[in-house]
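**Q** Attaching a single structure in structure tokens format; questions to follow.
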Amino acid sequence: MALTVRTFPDTGAAAAALAAAGSRYLGGGTLVVRQANEGDLSFSTFVRSTDPALKAIAVEDGRVRLGAGVTMAAIAAHPALAFLAPAAKAVGGPAIRNMATVGGNLFAPSPYGDLATALLALDATVTVGGAAVPIDLFLAGRERHAAEIVEAVAFAVPAAGAFRFRKASRVKPKGAAVVTVAALVATEGGTVTAARIALGAMADRPVRAEAAEAALIGRPLTAEGIAEALAAAGDGLDPPTDAIASGWYRRAVLPVHLGRLLAG
Amino acid sequence: MAKVPVQFTLNGSEKAEFVESGATLLDVLRDKIGDTSPKAGCRQGTCGSCSVIVDGELRLSCLTLAETCEGASIVTTAGLAEGGVLHPLQRAFMDAFATQCGFCTPGMIMAAKALLDRNPDPSRDEVVEAIAGNICRCTGYEPIIEAVLSAARSNSISAA
Amino acid sequence: MELRKTYFADERKDDLHEIGQPRPRSDALGHVTGKTAFFADRSFPGMLHLKMVRSPHHHARIRSIDTSAAQKHPGVVRILTAKDVPHNLYTILILIQVGPEDEHVLAEDKVRWKGEAVVAVLAETERAAQEAAAKVEVDYEVLDPVLSIDAALAPGAPIVNEHHGRNYYLYDSGEARKVRFGDVEAGFAAADHILEQSYASAPIEHAPTETTGCIVVPEGSGRFTCYTNTQAMFFTLDNTSIILQMPGQQLHMVGGTVGGGFGGKVDVIVEPIAILGAKLTGRPVSFVYSREEEMQISSPRAAEKLVIKDGVMKDGRIVARHVKAYIDAGAYSRHSPYGAQKSAAHFPGPYTIPNVWVDSHCVYTNRTPSSAMRGFGVTIGDFALEVQMDKLARLIGMDPLEFRFVNAYRDGDMKAHRQPTEGAALVECMQEAARAANWPIDERFMAMSSRTREGL
Ligand SMILES: Cc1cc2nc3c(=O)[nH]c(=O)nc-3n(C[C@H](O)[C@H](O)[C@H](O)COP(=O)(O)OP(=O)(O)OC[C@H]3O[C@@H](n4cnc5c(N)ncnc54)[C@H](O)[C@@H]3O)c2cc1C
């Protein structure tokens with residue numbers, strides 16, 4: 001079947017159209033148009049919404065709301081989102097960043113999903129199909145949301161210096177991730193009181209490093225203080241082997257990059 | 001096959017075409033309009049040869065559907081020379097031997113133009129970042145970087 | 001850039017006007033304005049798109065091919081299988097009498113590498129061609145694959161290609177291209193040290209930005225104009241003429257503008273089948289590799305395995321070199337018998353060694369056929385030889401650059417393959433490199449010349 005594009009001015013109508021078999025939502029298109037170009041015949045209809053709310057960025061009362069259609073370039077350029085700029089700038093080259101959206105990044109298969117990894121550390125809430133879903137749950141079951149439209153993500157502005165992001169890739173200055181690490185760490189009097197650590201490219205989608213998080217509590221962010229967390233970082237993970245790196249290599253270098261993130 | 005109307009300006013002149021729904025901007029520019037300056041190197045967004053500027057932003061025309069460009073203003077390398085006078089980037093690419101096979105050149109020039117339009121006096125690192133999505137396999141990156149920097153210099157001279 | 005005119009000054013009139021001067025490239029204006037016409041920068045009314053159905057297996061017997069569902073797919077104009085190709089069995093180098101023909105344009109009885117072309121689909125749009133290609137049914141009996149040089153040469157290995165019944169190319173000299181010079185065993189017996197090392201390389205893809213392809217237009221005169229990015233215009237013309245059993249004057253090849261080749265566009269792969277498609281449909285045909293095809297299907301540089309054994313004296317002279325080379329051709333010959341031959345002649349490197357023994361084998365495996373790439377047959381050998389040279393220098397405790405001065409060939413030296421050396425300039429290049437790199441070497445090496453063996 002030849003391809004068709006169906007464009008709707010509001011997201012609700014687009015969501016209804018997306019229910020038809022063989023349909024795919026079109027965000028920035030960097031993944032889904034690529035699939036069509038490469039001969040993926042599993043869909044023949046692109047559905048898109050031109051609702052301006054999807055492109056909105058709001059930073060109010062200590063909370064950030066990003067419309068699903070917000071691009072990486074828009075995040076990187078926003079003065080109130082400087083803490084998130086490193087994650088947005090980590091995605092592709094300049095042209096990709098002008099196209100790639102927040103919504104698409106939530107669905108991007110490993111080794112992609114750098115922004116989603118950051119959002120996972122930031123404990124974001126995903127508005128999808130009209131409901132607000134914690135990002136952990138959303139990512140774990142994202143296949144179930146494939147026929148719904150993500151409208152926005154929201155999260156609290158982190159305390160100064162609390163959010164950290166780091167991506168290791170083999171091609172400089174851009175390239176897909178060997179591993180991406182993001183962390184939201186709260187400290188009091190030099191010891192960690194709360195931690196969320198998210199890992200990209202260590203599974204088929206971004207995942208939390210819960211054992212490492214637990215091992216940080218009550219410890220200082222020093223080489224000795226984080227040692228146990230680093231040792232536990234890859235617990236339960238079977239990282240993918242792809243053209244960028246082998247699963248073995250990813251496991252081996254994860255503690256190095258997490259160490260630099262936490263104590264570097 | 002469903003055809004849909006699309007209108008946009010290309011290098012300042014208005015275009016109205018009936019295109020196949022779902023056609024990429026790259027295919028419409030090349031096959032319908034006959035502007036073959038954007039090249040199809042991968043159709044995956046990885047090589048940058050198809051780069052064009054849409055409403056002032058660098059984009060990959062291979063991953064952009066033509067229908068999403070309704071009303072847009074599109075610039076390609078074919079439209080850079082004005083009245084037979086080359087754009088400073090085009091001159092600089094020639095003078096600095098920044099082209100070999102020439103396949104990546106139009107995309108490189110677009111990426112460089114998108115940079116200079118925003119940042120007329122970039123650092124070397126900023127140039128490297130600006131062309132990070134464009135692959136040159138004859139590996140002329142050094143002359144390309146030099147050409148962009150030298151175009152920026154000549155621009156600032158002519159502006160002074 | 002600086003031109004050092006002091007070297008060989010007496011051999012040259014110092015009236016160079018072009019060398020050392022920057023001159024604009026004649027094609028640069030077209031490149032920077034986007035006006036240079038690459039083959040794909042053309043489209044023709046009614047142009048069909050060709051998509052290839054490819055083998056998903058490394059090695060399999062074809063039991064049957066069913067194209068009936070694909071044939072009925074909307075937009076499909078014609079489907080081509082082996083029986084449509086007039087002379088389906090070919091090999092590129094048959095033009096210079098290097099046979100046997102060993103490769104099918106479209107697979108007949110067997111597929112011998114993952115990606116081998118089996119059925120060609122011609123349709124009104126690329127999408128229709130892709131959809132129809134997905135409906136072609138090929139029934140395969142999967143066979144054991146041979147995926148490395150060692151596996152190919154192991155006793156009882158499956159036969160990759162029946163035209164090469166022992167999994168290696170049979171030269172007139174036997175199982176290998178051979179170089180025999182001096183008495184290598186005597187050399188080893190006299191040597192102070194012997195060093196034997198193995199080197200191996202993986203296939204390397206050229207990854208040109210422009211993928212391989214062509215557009216063919218049937219002309220009113222009965223000729224076919226083929227716009228192509230081949231790097232080998234006349235190879236393509238003559239092989240197409242053989243494959244299609246069509247006189248050369250009916251084939252008009254237009255090319256010369258290549259968006260990166262590096263040797264990866266010298267095989268004759270897309271043109272014959274696209275011209276056949278244009279002939280059988282009477283319509284223009286475009287056959288352009290996708291990026292994935294370029295990476296997986298176009299031939300890479302061959303994988304190689306090299307075993308180098310050298311005998312060296314304490315004073316730095318290499319007195320014997322013994323090389324066993326294995327070049328992985330993949331499933332078909334293409335240019336590899338020639339590449340292996342070239343490697344045999346090259347193995348002593350730019351060094352004068354009195355006793356040399358080389359066996360260079362062209363080996364068949366169920367891998368993507370390899371072919372030309374920038375100095376194929378010698379580049380990997382050079383990597384191995386120069387690593388070996390460093391190891392030898394270390395072994396005898398000599399500076400690695402000085403060690404090369406001792407062994408560098410000089411004008412008049414006889415090379416192992418019986419070509420006298422002339423026009424040598426290695427000594428001078430190394431002197432200049434030593435200066436440029438601030439690499440301290442003894443004065444006596446700086447006084448040497450490529451023209452004499454003085455100072456050795
Ligand atoms: C050359 C190249 C380099 C890249 N480099 C990186 C990188 O470094 N890091 C990285 O993280 N990613 C990278 N990517 C992947 C991709 O560009 C990003 O992940 C991007 O954020 C995807 O967003 P998109 O809007 O383009 O998605 P699309 O292609 O539009 O969509 C992707 C998927 O998500 C679905 N989808 C999109 N938006 C929504 C929505 N609002 N609701 C429901 N479903 C939706 C689509 O249906 C589709 O299935 C790269 C891609 C390319 C081509």
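Labels for the structure tokens follow display order: chains A, B, ..., residues from 1 in each chain, ligands from 1.
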Leaving out Glu148 (chain A) and any residue of its chain fewer than 6 positions from it, which residues lie within 9 Å of it when counting only C-alpha atoms, given as an mmCIF file with all heavy atoms, in the first residue's frame?

**A**
data_model
loop_
_atom_site.group_PDB
_atom_site.id
_atom_site.type_symbol
_atom_site.label_atom_id
_atom_site.label_comp_id
_atom_site.auth_asym_id
_atom_site.auth_seq_id
_atom_site.Cartn_x
_atom_site.Cartn_y
_atom_site.Cartn_z
ATOM 1 N N ALA A 15 -5.481 10.992 17.621
ATOM 2 C CA ALA A 15 -5.460 9.749 18.405
ATOM 3 C C ALA A 15 -6.493 8.761 17.870
ATOM 4 O O ALA A 15 -6.222 7.556 17.766
ATOM 5 C CB ALA A 15 -5.709 10.058 19.879
ATOM 6 N N ALA A 16 -7.657 9.273 17.500
ATOM 7 C CA ALA A 16 -8.689 8.390 16.953
ATOM 8 C C ALA A 16 -8.219 7.761 15.641
ATOM 9 O O ALA A 16 -8.397 6.561 15.406
ATOM 10 C CB ALA A 16 -9.984 9.177 16.735
ATOM 11 N N LEU A 18 -5.202 7.224 14.756
ATOM 12 C CA LEU A 18 -4.060 6.329 15.003
ATOM 13 C C LEU A 18 -4.527 4.906 15.323
ATOM 14 O O LEU A 18 -3.765 3.940 15.176
ATOM 15 C CB LEU A 18 -3.235 6.903 16.165
ATOM 16 C CG LEU A 18 -1.815 6.409 16.348
ATOM 17 C CD1 LEU A 18 -0.997 6.614 15.087
ATOM 18 C CD2 LEU A 18 -1.168 7.151 17.515
ATOM 19 N N ALA A 19 -5.783 4.788 15.739
ATOM 20 C CA ALA A 19 -6.296 3.460 16.081
ATOM 21 C C ALA A 19 -6.404 2.560 14.849
ATOM 22 O O ALA A 19 -6.418 1.330 14.969
ATOM 23 C CB ALA A 19 -7.648 3.603 16.761
ATOM 24 N N TYR A 25 2.240 7.243 14.440
ATOM 25 C CA TYR A 25 2.299 8.665 14.719
ATOM 26 C C TYR A 25 3.613 9.209 14.163
ATOM 27 O O TYR A 25 4.657 8.562 14.247
ATOM 28 C CB TYR A 25 2.188 8.933 16.223
ATOM 29 C CG TYR A 25 2.071 10.409 16.496
ATOM 30 C CD1 TYR A 25 0.879 11.074 16.237
ATOM 31 C CD2 TYR A 25 3.164 11.142 16.947
ATOM 32 C CE1 TYR A 25 0.778 12.451 16.431
ATOM 33 C CE2 TYR A 25 3.068 12.512 17.149
ATOM 34 C CZ TYR A 25 1.879 13.168 16.883
ATOM 35 O OH TYR A 25 1.784 14.517 17.066
ATOM 36 N N VAL A 128 -0.070 10.564 28.459
ATOM 37 C CA VAL A 128 -0.287 9.743 27.269
ATOM 38 C C VAL A 128 -1.734 9.260 27.275
ATOM 39 O O VAL A 128 -2.239 8.796 28.301
ATOM 40 C CB VAL A 128 0.720 8.573 27.202
ATOM 41 C CG1 VAL A 128 0.703 7.712 28.439
ATOM 42 C CG2 VAL A 128 0.512 7.726 25.946
ATOM 43 N N GLY A 129 -2.394 9.393 26.120
ATOM 44 C CA GLY A 129 -3.796 9.001 26.032
ATOM 45 C C GLY A 129 -4.645 9.664 27.111
ATOM 46 O O GLY A 129 -5.566 9.064 27.640
#

**Q** Give the residues of chain B that lie within 12 Å of chain A; count only C-alpha atoms, and format the answer as a ChimeraX atom specification.

**A** /B:1-4,19-27,40,42-68,70,107-108,110-112,114-115,125-135

**Q** What are the residues of chain B that have an atom within 9 Å of an atom of chain C, counting only C-alpha atoms, as a PDB file with N, CA, C and O atoms, in the first residue's frame?

**A**
ATOM      1  N   ARG B  30      14.053  16.821  -5.741  1.00  0.00           N
ATOM      2  CA  ARG B  30      14.876  16.256  -6.808  1.00  0.00           C
ATOM      3  C   ARG B  30      14.047  15.832  -8.016  1.00  0.00           C
ATOM      4  O   ARG B  30      14.358  16.213  -9.152  1.00  0.00           O
ATOM      5  N   ASP B  31      13.016  15.044  -7.775  1.00  0.00           N
ATOM      6  CA  ASP B  31      12.314  14.425  -8.904  1.00  0.00           C
ATOM      7  C   ASP B  31      11.187  15.278  -9.462  1.00  0.00           C
ATOM      8  O   ASP B  31      10.877  15.208 -10.645  1.00  0.00           O
ATOM      9  N   GLY B  34      13.176  19.305  -9.684  1.00  0.00           N
ATOM     10  CA  GLY B  34      14.405  19.282 -10.476  1.00  0.00           C
ATOM     11  C   GLY B  34      15.577  19.979  -9.808  1.00  0.00           C
ATOM     12  O   GLY B  34      16.571  20.273 -10.454  1.00  0.00           O
ATOM     13  N   ASP B  35      15.478  20.245  -8.508  1.00  0.00           N
ATOM     14  CA  ASP B  35      16.640  20.771  -7.782  1.00  0.00           C
ATOM     15  C   ASP B  35      17.388  19.567  -7.211  1.00  0.00           C
ATOM     16  O   ASP B  35      16.998  18.999  -6.190  1.00  0.00           O
ATOM     17  N   THR B  36      18.441  19.159  -7.905  1.00  0.00           N
ATOM     18  CA  THR B  36      19.160  17.953  -7.473  1.00  0.00           C
ATOM     19  C   THR B  36      20.372  18.299  -6.604  1.00  0.00           C
ATOM     20  O   THR B  36      21.240  17.453  -6.413  1.00  0.00           O
ATOM     21  N   SER B  37      20.413  19.515  -6.088  1.00  0.00           N
ATOM     22  CA  SER B  37      21.571  19.819  -5.233  1.00  0.00           C
ATOM     23  C   SER B  37      21.538  19.034  -3.913  1.00  0.00           C
ATOM     24  O   SER B  37      22.589  18.588  -3.461  1.00  0.00           O
ATOM     25  N   PRO B  38      20.389  18.799  -3.279  1.00  0.00           N
ATOM     26  CA  PRO B  38      20.415  17.864  -2.145  1.00  0.00           C
ATOM     27  C   PRO B  38      20.587  16.429  -2.664  1.00  0.00           C
ATOM     28  O   PRO B  38      19.929  16.044  -3.633  1.00  0.00           O
ATOM     29  N   LYS B  39      21.463  15.676  -2.035  1.00  0.00           N
ATOM     30  CA  LYS B  39      21.786  14.319  -2.529  1.00  0.00           C
ATOM     31  C   LYS B  39      21.214  13.252  -1.598  1.00  0.00           C
ATOM     32  O   LYS B  39      21.136  13.463  -0.382  1.00  0.00           O
ATOM     33  N   ALA B  40      20.911  12.103  -2.178  1.00  0.00           N
ATOM     34  CA  ALA B  40      20.441  10.970  -1.375  1.00  0.00           C
ATOM     35  C   ALA B  40      21.618  10.041  -1.115  1.00  0.00           C
ATOM     36  O   ALA B  40      21.991   9.262  -1.980  1.00  0.00           O
ATOM     37  N   GLY B  41      22.217  10.149   0.046  1.00  0.00           N
ATOM     38  CA  GLY B  41      23.357   9.300   0.357  1.00  0.00           C
ATOM     39  C   GLY B  41      22.977   8.101   1.206  1.00  0.00           C
ATOM     40  O   GLY B  41      23.602   7.048   1.129  1.00  0.00           O
ATOM     41  N   CYS B  42      21.946   8.263   2.061  1.00  0.00           N
ATOM     42  CA  CYS B  42      21.619   7.139   2.933  1.00  0.00           C
ATOM     43  C   CYS B  42      20.120   6.994   3.184  1.00  0.00           C
ATOM     44  O   CYS B  42      19.647   5.933   3.494  1.00  0.00           O
ATOM     45  N   ARG B  43      19.382   8.075   3.070  1.00  0.00           N
ATOM     46  CA  ARG B  43      17.949   8.089   3.404  1.00  0.00           C
ATOM     47  C   ARG B  43      17.713   7.592   4.837  1.00  0.00           C
ATOM     48  O   ARG B  43      16.668   7.042   5.152  1.00  0.00           O
ATOM     49  N   GLN B  44      18.703   7.753   5.682  1.00  0.00           N
ATOM     50  CA  GLN B  44      18.592   7.356   7.086  1.00  0.00           C
ATOM     51  C   GLN B  44      18.891   8.518   8.015  1.00  0.00           C
ATOM     52  O   GLN B  44      18.923   8.341   9.224  1.00  0.00           O
ATOM     53  N   CYS B  47      24.006  10.683   6.832  1.00  0.00           N
ATOM     54  CA  CYS B  47      25.124  11.215   6.048  1.00  0.00           C
ATOM     55  C   CYS B  47      25.069  12.715   5.860  1.00  0.00           C
ATOM     56  O   CYS B  47      26.093  13.344   5.597  1.00  0.00           O
ATOM     57  N   SER B  49      23.969  14.456   3.417  1.00  0.00           N
ATOM     58  CA  SER B  49      24.088  14.948   2.035  1.00  0.00           C
ATOM     59  C   SER B  49      22.815  15.636   1.549  1.00  0.00           C
ATOM     60  O   SER B  49      22.847  16.388   0.589  1.00  0.00           O
ATOM     61  N   THR B  76      18.237  25.795  -0.671  1.00  0.00           N
ATOM     62  CA  THR B  76      19.169  24.722  -1.015  1.00  0.00           C
ATOM     63  C   THR B  76      20.444  25.332  -1.589  1.00  0.00           C
ATOM     64  O   THR B  76      20.467  26.517  -1.940  1.00  0.00           O
ATOM     65  N   THR B  77      21.460  24.515  -1.736  1.00  0.00           N
ATOM     66  CA  THR B  77      22.726  25.025  -2.264  1.00  0.00           C
ATOM     67  C   THR B  77      22.558  25.572  -3.683  1.00  0.00           C
ATOM     68  O   THR B  77      23.243  26.512  -4.068  1.00  0.00           O
ATOM     69  N   ALA B  78      21.624  24.993  -4.437  1.00  0.00           N
ATOM     70  CA  ALA B  78      21.415  25.477  -5.808  1.00  0.00           C
ATOM     71  C   ALA B  78      20.977  26.935  -5.832  1.00  0.00           C
ATOM     72  O   ALA B  78      21.146  27.612  -6.845  1.00  0.00           O
ATOM     73  N   GLY B  79      20.435  27.427  -4.713  1.00  0.00           N
ATOM     74  CA  GLY B  79      19.928  28.796  -4.708  1.00  0.00           C
ATOM     75  C   GLY B  79      20.870  29.810  -4.061  1.00  0.00           C
ATOM     76  O   GLY B  79      20.490  30.956  -3.835  1.00  0.00           O
ATOM     77  N   LEU B  80      22.081  29.394  -3.758  1.00  0.00           N
ATOM     78  CA  LEU B  80      22.954  30.289  -2.992  1.00  0.00           C
ATOM     79  C   LEU B  80      23.597  31.401  -3.806  1.00  0.00           C
ATOM     80  O   LEU B  80      23.738  32.521  -3.341  1.00  0.00           O
ATOM     81  N   ALA B  81      24.020  31.061  -5.015  1.00  0.00           N
ATOM     82  CA  ALA B  81      24.686  32.089  -5.826  1.00  0.00           C
ATOM     83  C   ALA B  81      23.641  33.098  -6.277  1.00  0.00           C
ATOM     84  O   ALA B  81      22.550  32.717  -6.684  1.00  0.00           O
ATOM     85  N   LEU B  86      29.011  33.934  -6.581  1.00  0.00           N
ATOM     86  CA  LEU B  86      29.005  32.844  -5.605  1.00  0.00           C
ATOM     87  C   LEU B  86      28.863  33.393  -4.189  1.00  0.00           C
ATOM     88  O   LEU B  86      29.347  34.489  -3.882  1.00  0.00           O
ATOM     89  N   LEU B  89      30.637  31.118   1.079  1.00  0.00           N
ATOM     90  CA  LEU B  89      30.942  29.720   1.410  1.00  0.00           C
ATOM     91  C   LEU B  89      31.334  28.943   0.150  1.00  0.00           C
ATOM     92  O   LEU B  89      32.237  28.108   0.178  1.00  0.00           O
ATOM     93  N   GLN B  90      30.634  29.214  -0.935  1.00  0.00           N
ATOM     94  CA  GLN B  90      30.952  28.503  -2.187  1.00  0.00           C
ATOM     95  C   GLN B  90      32.363  28.861  -2.656  1.00  0.00           C
ATOM     96  O   GLN B  90      33.152  27.995  -3.035  1.00  0.00           O
ATOM     97  N   ARG B  91      32.682  30.145  -2.588  1.00  0.00           N
ATOM     98  CA  ARG B  91      34.031  30.592  -2.966  1.00  0.00           C
ATOM     99  C   ARG B  91      35.071  29.911  -2.084  1.00  0.00           C
ATOM    100  O   ARG B  91      36.067  29.352  -2.564  1.00  0.00           O
ATOM    101  N   PHE B  93      34.873  27.165  -0.321  1.00  0.00           N
ATOM    102  CA  PHE B  93      35.002  25.722  -0.560  1.00  0.00           C
ATOM    103  C   PHE B  93      35.864  25.467  -1.793  1.00  0.00           C
ATOM    104  O   PHE B  93      36.640  24.510  -1.832  1.00  0.00           O
ATOM    105  N   MET B  94      35.729  26.318  -2.807  1.00  0.00           N
ATOM    106  CA  MET B  94      36.582  26.156  -3.987  1.00  0.00           C
ATOM    107  C   MET B  94      38.036  26.475  -3.653  1.00  0.00           C
ATOM    108  O   MET B  94      38.940  25.708  -3.950  1.00  0.00           O
ATOM    109  N   ASP B  95      38.234  27.621  -3.012  1.00  0.00           N
ATOM    110  CA  ASP B  95      39.607  28.086  -2.763  1.00  0.00           C
ATOM    111  C   ASP B  95      40.361  27.174  -1.799  1.00  0.00           C
ATOM    112  O   ASP B  95      41.568  27.012  -1.914  1.00  0.00           O
ATOM    113  N   PHE B  97      40.032  23.976  -1.438  1.00  0.00           N
ATOM    114  CA  PHE B  97      40.025  22.566  -1.876  1.00  0.00           C
ATOM    115  C   PHE B  97      39.169  21.720  -0.944  1.00  0.00           C
ATOM    116  O   PHE B  97      39.534  20.620  -0.569  1.00  0.00           O
ATOM    117  N   ALA B  98      38.023  22.285  -0.562  1.00  0.00           N
ATOM    118  CA  ALA B  98      37.154  21.596   0.389  1.00  0.00           C
ATOM    119  C   ALA B  98      36.160  20.677  -0.319  1.00  0.00           C
ATOM    120  O   ALA B  98      35.221  20.197   0.305  1.00  0.00           O
ATOM    121  N   THR B  99      36.355  20.438  -1.594  1.00  0.00           N
ATOM    122  CA  THR B  99      35.517  19.452  -2.276  1.00  0.00           C
ATOM    123  C   THR B  99      36.417  18.466  -3.001  1.00  0.00           C
ATOM    124  O   THR B  99      37.430  18.851  -3.574  1.00  0.00           O
ATOM    125  N   GLN B 100      36.026  17.202  -2.926  1.00  0.00           N
ATOM    126  CA  GLN B 100      36.733  16.213  -3.751  1.00  0.00           C
ATOM    127  C   GLN B 100      35.724  15.600  -4.710  1.00  0.00           C
ATOM    128  O   GLN B 100      35.530  16.084  -5.803  1.00  0.00           O
ATOM    129  N   CYS B 101      35.024  14.545  -4.263  1.00  0.00           N
ATOM    130  CA  CYS B 101      34.060  13.955  -5.186  1.00  0.00           C
ATOM    131  C   CYS B 101      32.851  14.869  -5.358  1.00  0.00           C
ATOM    132  O   CYS B 101      32.145  14.805  -6.350  1.00  0.00           O
ATOM    133  N   GLY B 102      32.589  15.729  -4.382  1.00  0.00           N
ATOM    134  CA  GLY B 102      31.519  16.714  -4.512  1.00  0.00           C
ATOM    135  C   GLY B 102      30.164  16.263  -4.015  1.00  0.00           C
ATOM    136  O   GLY B 102      29.232  17.055  -3.976  1.00  0.00           O
ATOM    137  N   PHE B 103      30.062  15.013  -3.606  1.00  0.00           N
ATOM    138  CA  PHE B 103      28.736  14.495  -3.242  1.00  0.00           C
ATOM    139  C   PHE B 103      28.242  15.073  -1.915  1.00  0.00           C
ATOM    140  O   PHE B 103      27.064  15.350  -1.752  1.00  0.00           O
ATOM    141  N   CYS B 104      29.144  15.246  -0.971  1.00  0.00           N
ATOM    142  CA  CYS B 104      28.728  15.780   0.328  1.00  0.00           C
ATOM    143  C   CYS B 104      28.668  17.297   0.316  1.00  0.00           C
ATOM    144  O   CYS B 104      28.157  17.904   1.254  1.00  0.00           O
ATOM    145  N   THR B 105      29.235  17.923  -0.724  1.00  0.00           N
ATOM    146  CA  THR B 105      29.458  19.370  -0.704  1.00  0.00           C
ATOM    147  C   THR B 105      28.182  20.199  -0.510  1.00  0.00           C
ATOM    148  O   THR B 105      28.155  21.070   0.367  1.00  0.00           O
ATOM    149  N   PRO B 106      27.103  19.949  -1.279  1.00  0.00           N
ATOM    150  CA  PRO B 106      25.920  20.786  -1.068  1.00  0.00           C
ATOM    151  C   PRO B 106      25.384  20.681   0.370  1.00  0.00           C
ATOM    152  O   PRO B 106      24.987  21.701   0.948  1.00  0.00           O
ATOM    153  N   ILE B 109      27.681  22.617   2.716  1.00  0.00           N
ATOM    154  CA  ILE B 109      27.505  24.068   2.572  1.00  0.00           C
ATOM    155  C   ILE B 109      26.231  24.511   3.287  1.00  0.00           C
ATOM    156  O   ILE B 109      26.203  25.547   3.954  1.00  0.00           O
ATOM    157  N   ILE B 135      28.682  13.668   6.606  1.00  0.00           N
ATOM    158  CA  ILE B 135      29.829  12.786   6.403  1.00  0.00           C
ATOM    159  C   ILE B 135      30.522  13.102   5.079  1.00  0.00           C
ATOM    160  O   ILE B 135      29.874  13.241   4.050  1.00  0.00           O
ATOM    161  N   CYS B 136      31.842  13.226   5.155  1.00  0.00           N
ATOM    162  CA  CYS B 136      32.666  13.322   3.954  1.00  0.00           C
ATOM    163  C   CYS B 136      33.542  12.083   3.951  1.00  0.00           C
ATOM    164  O   CYS B 136      34.291  11.854   4.890  1.00  0.00           O
ATOM    165  N   ARG B 137      33.427  11.248   2.905  1.00  0.00           N
ATOM    166  CA  ARG B 137      34.204  10.008   2.912  1.00  0.00           C
ATOM    167  C   ARG B 137      35.522  10.147   2.166  1.00  0.00           C
ATOM    168  O   ARG B 137      36.368   9.266   2.249  1.00  0.00           O
ATOM    169  N   CYS B 138      35.671  11.233   1.387  1.00  0.00           N
ATOM    170  CA  CYS B 138      37.003  11.480   0.827  1.00  0.00           C
ATOM    171  C   CYS B 138      37.882  12.055   1.936  1.00  0.00           C
ATOM    172  O   CYS B 138      39.051  12.330   1.722  1.00  0.00           O
TER     173      CYS B 138
END

**Q** I'd like to know which residues of region 88-236 of chain A are helix (DSSP H, G or I) (by DSSP, run on the backbone); could you write them as JSON, numbers by chain?

**A** {"A": [88, 89, 94, 95, 96, 97, 98, 99, 102, 103, 104, 105, 106, 107, 114, 115, 116, 117, 118, 119, 120, 121, 135, 136, 137, 138, 139, 140, 142, 143, 144, 145, 210, 211, 212, 213, 214, 215, 216, 223, 224, 225, 226, 227, 228, 229, 230, 231, 232]}

**Q** Please determine the contact residues of chain C with respect to chain A at a cut-off of 10 Å, counting only C-alpha atoms, and supply them as a list in words.

**A** His73, Pro74, Thr125, Glu126, Arg127, Ala128, Ala129, Gln130, Glu131, Ala134, Ser290, Arg291 and Glu292 of chain C

**Q** Go ahead and save the residues from that selection, with N, CA and C atoms, as a compact mmCIF listing (two decimals), in the first residue's frame.

**A**
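Output (part.txt):
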# COMPACT_ATOMS: atom_id res chain seq x y z
N HIS C 73 1.21 -8.19 -7.81
CA HIS C 73 1.17 -7.03 -6.92
C HIS C 73 0.97 -5.75 -7.72
N PRO C 74 0.09 -4.84 -7.24
CA PRO C 74 -0.16 -3.61 -7.99
C PRO C 74 1.14 -2.81 -8.21
N THR C 125 6.88 2.16 -8.58
CA THR C 125 7.45 2.95 -7.48
C THR C 125 8.37 2.05 -6.66
N GLU C 126 9.23 2.70 -5.89
CA GLU C 126 10.14 1.93 -5.03
C GLU C 126 9.34 1.12 -4.02
N ARG C 127 8.31 1.76 -3.48
CA ARG C 127 7.50 1.09 -2.46
C ARG C 127 6.83 -0.16 -3.04
N ALA C 128 6.25 -0.03 -4.24
CA ALA C 128 5.61 -1.19 -4.86
C ALA C 128 6.64 -2.30 -5.11
N ALA C 129 7.84 -1.90 -5.52
CA ALA C 129 8.88 -2.90 -5.76
C ALA C 129 9.26 -3.61 -4.46
N GLN C 130 9.36 -2.83 -3.38
CA GLN C 130 9.69 -3.42 -2.07
C GLN C 130 8.59 -4.39 -1.63
N GLU C 131 7.35 -3.94 -1.78
CA GLU C 131 6.24 -4.78 -1.34
C GLU C 131 6.19 -6.08 -2.15
N ALA C 134 8.86 -8.55 -1.23
CA ALA C 134 8.54 -9.29 -0.01
C ALA C 134 7.61 -10.47 -0.29
N SER C 290 20.35 0.79 -1.66
CA SER C 290 20.04 1.48 -0.41
C SER C 290 21.35 1.56 0.39
N ARG C 291 21.34 2.35 1.43
CA ARG C 291 22.53 2.42 2.27
C ARG C 291 22.87 1.04 2.85
N GLU C 292 21.84 0.32 3.24
CA GLU C 292 22.09 -1.01 3.81
C GLU C 292 22.74 -1.91 2.76

**Q** Select from region 43-160 of chain B everything DSSP, run on the backbone, classes as strand (DSSP E or B), then give the selection as a ChimeraX atom specification.

**A** /B:51-54,57-60,65,73-75,82,85
